[in-house]
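Participant: Please find protein.txt (compact mmCIF, C-alpha atoms and all ligand atoms) on the next line:
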# COMPACT_ATOMS: atom_id res chain seq x y z
CA MET A 739 39.27 38.14 13.95
CA SER A 740 36.39 37.63 11.52
CA GLN A 741 33.58 40.09 11.73
CA TYR A 742 30.01 38.88 11.42
CA VAL A 743 28.35 40.67 8.51
CA GLY A 744 24.93 39.09 8.34
CA LYS A 745 22.90 36.31 6.84
CA LEU A 746 22.01 35.64 3.24
CA LYS A 747 19.03 33.54 2.29
CA ASN A 748 18.48 31.36 -0.75
CA SER A 749 14.91 32.17 -1.74
CA LYS A 750 14.63 28.94 -3.77
CA THR A 751 15.72 26.43 -1.16
CA GLY A 752 15.03 28.46 1.98
CA GLU A 753 18.54 27.80 3.30
CA ASP A 754 20.47 30.58 4.94
CA VAL A 755 24.18 31.15 5.31
CA GLU A 756 26.19 33.34 7.67
CA ILE A 757 28.63 35.77 6.07
CA TYR A 758 31.79 36.98 7.76
CA GLN A 759 34.58 39.25 6.65
CA GLY A 760 38.21 39.70 7.61
CA PHE A 761 40.78 37.12 8.66
CA SER A 762 39.23 33.70 9.19
CA TRP A 763 40.73 31.84 12.15
CA PRO A 764 38.53 28.77 11.59
CA CYS A 765 39.89 28.59 8.05
CA LEU A 766 43.47 28.74 9.37
CA PHE A 767 42.83 25.93 11.87
CA PHE A 768 40.64 23.64 9.81
CA GLY A 769 42.14 24.28 6.41
CA VAL A 770 40.58 22.31 3.59
CA LEU A 771 37.88 21.09 6.00
CA TRP A 772 36.69 24.70 6.42
CA PHE A 773 35.95 24.95 2.69
CA LEU A 774 34.25 21.54 2.74
CA ALA A 775 32.11 22.57 5.71
CA LYS A 776 30.97 25.66 3.78
CA GLY A 777 30.08 23.47 0.80
CA MET A 778 32.85 24.96 -1.31
CA ILE A 779 34.17 21.73 -2.81
CA LEU A 780 35.89 23.46 -5.69
CA TRP A 781 37.76 25.84 -3.40
CA ALA A 782 38.69 22.96 -1.07
CA VAL A 783 40.42 21.30 -4.02
CA ILE A 784 41.97 24.54 -5.32
CA SER A 785 43.27 25.58 -1.90
CA PHE A 786 44.67 22.08 -1.29
CA ILE A 787 46.62 22.29 -4.56
CA ILE A 788 47.83 25.85 -3.86
CA VAL A 789 49.03 24.81 -0.40
CA LEU A 790 50.83 21.75 -1.79
CA VAL A 791 52.52 23.81 -4.49
CA THR A 792 53.68 26.51 -2.05
CA GLY A 793 54.80 23.98 0.57
CA GLY A 794 52.16 25.13 3.06
CA ILE A 795 52.96 28.84 2.95
CA ALA A 796 49.71 29.70 1.14
CA TRP A 797 47.78 28.46 4.15
CA LEU A 798 48.87 31.56 6.06
CA PHE A 799 47.40 33.79 3.35
CA LEU A 800 44.22 31.96 2.41
CA PRO A 801 42.34 32.93 5.60
CA PHE A 802 42.62 36.57 4.49
CA PHE A 803 40.55 35.77 1.41
CA SER A 804 38.46 32.79 2.48
CA ASN A 805 35.53 34.78 3.89
CA ASN A 806 35.32 36.83 0.73
CA LEU A 807 35.52 33.64 -1.36
CA HIS A 808 32.72 32.20 0.73
CA TYR A 809 30.59 35.29 0.12
CA GLN A 810 31.17 35.11 -3.65
CA ALA A 811 30.37 31.39 -3.63
CA ALA A 812 27.13 32.04 -1.74
CA ILE A 813 26.03 34.68 -4.26
CA LYS A 814 26.80 32.32 -7.14
CA GLY A 815 24.88 29.58 -5.35
CA GLY A 816 21.70 31.67 -5.37
CA PHE A 817 21.91 33.26 -1.91
CA THR A 818 20.74 36.80 -2.50
CA GLU A 819 18.14 37.78 0.06
CA VAL A 820 19.51 39.62 3.06
CA ILE A 821 17.68 38.45 6.16
CA GLU A 822 19.92 39.92 8.81
CA GLY A 823 22.84 42.30 9.05
CA ASP A 824 24.14 45.49 7.55
CA ASP A 825 22.42 46.29 4.24
CA GLN A 826 25.37 48.42 3.13
CA MET A 827 27.56 45.32 2.98
CA PHE A 828 25.32 43.74 0.39
CA GLU A 829 24.75 46.85 -1.70
CA ASP A 830 26.63 45.54 -4.75
CA THR A 831 24.46 42.42 -5.04
CA LYS A 832 21.23 44.43 -4.83
CA ASP A 833 22.27 46.69 -7.68
CA LEU A 834 22.11 43.74 -10.06
CA ASN A 835 18.35 43.56 -9.60
CA ILE A 836 17.64 47.22 -10.30
CA GLN A 837 16.70 47.79 -13.90
CA SER A 838 18.24 50.89 -15.29
CA VAL A 839 15.82 53.10 -17.20
CA ASN A 840 18.48 55.60 -18.17
CA VAL A 841 19.66 53.75 -21.25
CA SER A 842 21.14 56.02 -23.85
CA LEU A 843 19.06 55.76 -26.99
CA GLU A 844 20.32 55.24 -30.49
CA SER A 845 16.99 55.42 -32.22
CA CYS A 846 13.63 56.95 -31.37
CA PRO A 847 11.25 54.28 -29.97
CA PHE A 848 8.30 56.13 -31.57
CA CYS A 849 9.44 56.87 -35.13
CA ASN A 850 12.68 54.83 -35.33
CA SER A 851 14.82 57.69 -36.62
CA ASN A 852 18.45 57.83 -35.55
CA ILE A 853 19.35 60.00 -32.58
CA HIS A 854 22.68 61.34 -31.47
CA GLY A 855 22.65 60.89 -27.68
CA GLY A 856 21.73 63.47 -25.10
CA VAL A 857 18.69 64.99 -26.80
CA LYS A 858 15.53 65.53 -24.80
CA PHE A 859 13.03 65.42 -27.65
CA CYS A 860 13.15 63.46 -30.90
CA PRO A 861 14.13 65.87 -33.71
CA LYS A 862 11.92 63.96 -36.15
CA CYS A 863 8.65 63.39 -34.30
CA GLY A 864 9.02 65.67 -31.31
CA LYS A 865 8.30 63.01 -28.67
CA LEU A 866 9.94 63.24 -25.25
CA LEU A 867 12.91 60.84 -25.02
CA GLU A 868 13.92 61.24 -21.39
CA PRO A 869 12.68 58.87 -18.70
CA ILE A 870 9.30 60.07 -17.49
CA ARG A 871 9.02 61.04 -13.87
CA CYS A 872 5.73 60.03 -12.26
CA SER A 873 3.84 63.01 -10.85
CA ASN A 874 2.38 60.80 -8.14
CA CYS A 875 5.30 58.81 -6.70
CA ASN A 876 8.24 60.56 -8.42
CA SER A 877 9.76 57.33 -9.74
CA SER A 878 11.48 57.17 -13.11
CA ASN A 879 9.74 55.33 -15.98
CA PRO A 880 10.91 54.24 -19.44
CA ILE A 881 9.70 56.68 -22.09
CA THR A 882 7.43 54.11 -23.73
CA ASN A 883 5.41 53.60 -20.52
CA GLU A 884 1.91 55.00 -20.47
CA PHE A 885 1.41 54.18 -16.84
CA CYS A 886 3.82 54.39 -13.90
CA GLN A 887 5.44 50.99 -13.29
CA ASN A 888 5.65 51.76 -9.60
CA CYS A 889 2.19 53.05 -8.71
CA GLY A 890 0.04 52.71 -11.86
CA ASN A 891 -0.57 56.43 -12.20
CA GLN A 892 -1.16 57.63 -15.77
CA LEU A 893 1.93 59.35 -17.14
CA LYS A 894 1.46 62.61 -19.01
CA VAL A 895 3.96 63.39 -21.73
ZN ZN B 901 10.86 60.14 -33.08
ZN ZN B 902 4.13 56.53 -9.83
Just give me the structure of the file as structure tokens.
Ligand SMILES: [Zn+2]
Ligand SMILES: [Zn+2]

Facilitator:
Amino acid sequence: MSQYVGKLKNSKTGEDVEIYQGFSWPCLFFGVLWFLAKGMILWAVISFIIVLVTGGIAWLFLPFFSNNLHYQAAIKGGFTEVIEGDDQMFEDTKDLNIQSVNVSLESCPFCNSNIHGGVKFCPKCGKLLEPIRCSNCNSSNPITNEFCQNCGNQLKV
């Protein structure tokens, strides 16, 4: 049986979509219509062709993947905001929005001299090259920041 995971919202259009995981009985019963109902025209066509080619056998396997396909299609369609359900399930989509500040540097952003990774201070100008931790909110900031991007606190190097 499919398990209800939660709802995703499209912040541009305001639409929401329910996400399930596991074997999809509705997909097994309604076939191509299931994909059409979910707005997955491309997959409706693809699945129809696969089923034709395999003489109908693929239809027994597609419901195992259809919920996952639906989830992927929703993400591609701009549904990103979780409005209901288990946050853990959507963890991988959230990660895309988090900017990594721990980029390994190849040159010093202050004096432009070449650096061989993993050094804490620039050997040429002596500036700190590690992400700066804010003394106020403890968040990590890019080394070129003068103020904390999270709370606005002045960063001391
Ligand atoms: Zn430098
Ligand atoms: Zn801060």

Participant: Considering all atoms listed in the file, tabulate each residue of chain A that lies at most 7 Å from ligand ZN 901 (chain B) along with its nearest interatomic pair and the corresponding distance in Å to one decimal; arrange the rows by chain and ascending residue number and present them as a Markdown table.

Facilitator:
| residue | atom | partner | partner_atom | distance |
| --- | --- | --- | --- | --- |
| A:Cys846 | CA | B:ZN901 | ZN | 4.6 |
| A:Pro847 | CA | B:ZN901 | ZN | 6.6 |
| A:Phe848 | CA | B:ZN901 | ZN | 5.0 |
| A:Cys849 | CA | B:ZN901 | ZN | 4.1 |
| A:Asn850 | CA | B:ZN901 | ZN | 6.0 |
| A:Ser851 | CA | B:ZN901 | ZN | 5.8 |
| A:Cys860 | CA | B:ZN901 | ZN | 4.6 |
| A:Pro861 | CA | B:ZN901 | ZN | 6.6 |
| A:Lys862 | CA | B:ZN901 | ZN | 5.0 |
| A:Cys863 | CA | B:ZN901 | ZN | 4.1 |
| A:Gly864 | CA | B:ZN901 | ZN | 6.1 |
| A:Lys865 | CA | B:ZN901 | ZN | 5.9 |

Participant: Residues contacting ligand ZN 902 (chain B) - anything with an atom at most 10 Å away, using all atoms listed in the file - can you give me those as a list in words?

Facilitator: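 Using all atoms listed in the file, everything at most 10 Å from ligand ZN 902 (chain B) comes to Ile870, Arg871, Cys872, Ser873, Asn874, Cys875, Asn876, Ser877, Ser878, Asn879, Phe885, Cys886, Gln887, Asn888, Cys889, Gly890, Asn891, Gln892 and Leu893 of chain A.
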
Participant: If you measure from atom CA of A:Val770 to atom CA of A:Gln741, what distance in Å do you get, rounded to one decimal?

Facilitator: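 About the pair atom CA of A:Val770 and atom CA of A:Gln741: they are 20.8 Å apart.
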
Participant: Just to confirm, what's the straight-line distance from atom CA of A:Asp754 to atom CA of A:His808 in Å (one decimal)?

Facilitator: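 So the answer is 13.1 Å.
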
Participant: Kindly give the distance, in Å, that separates atom CA of A:Gly752 and atom CA of A:Leu766, rounded to a single decimal.

Facilitator: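 Straight-line distance from atom CA of A:Gly752 to atom CA of A:Leu766 works out to 29.4 Å.
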
Participant: If we count only C-alpha atoms and set the cut-off at 10 Å, which residues sit around A:Asn806, ignoring sequence neighbours fewer than 6 positions away in its own chain? Please answer as a list in words.

Facilitator: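 Near A:Asn806, the qualifying residues are Ile757, Tyr758, Gln759, Gly760, Phe761, Ser762 and Ala812 of chain A.
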
Participant: Of the residues A:Glu868, A:Glu753, A:Glu884, A:Glu844, which is the one nearest to A:Glu819, using only C-alpha atoms?

Facilitator: A:Glu753

Participant: Taking all atoms of stretch 872-888 of chain A that the file lists, what box with edges along x, y and z, padded by 6 Å per side, do you get, with centre and edge lengths in Å to one decimal, as JSON?

Facilitator:
{"center_x": 6.4, "center_y": 57.0, "center_z": -15.2, "size_x": 22.1, "size_y": 24.0, "size_z": 29.0}

Participant: For A:Leu807, which residue out of A:Gly777, A:Gly856, A:Gly744, A:Gly793 is the nearest one, using all atoms listed in the file?

Facilitator: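 That would be A:Gly777, the residue with the smallest distance to A:Leu807.
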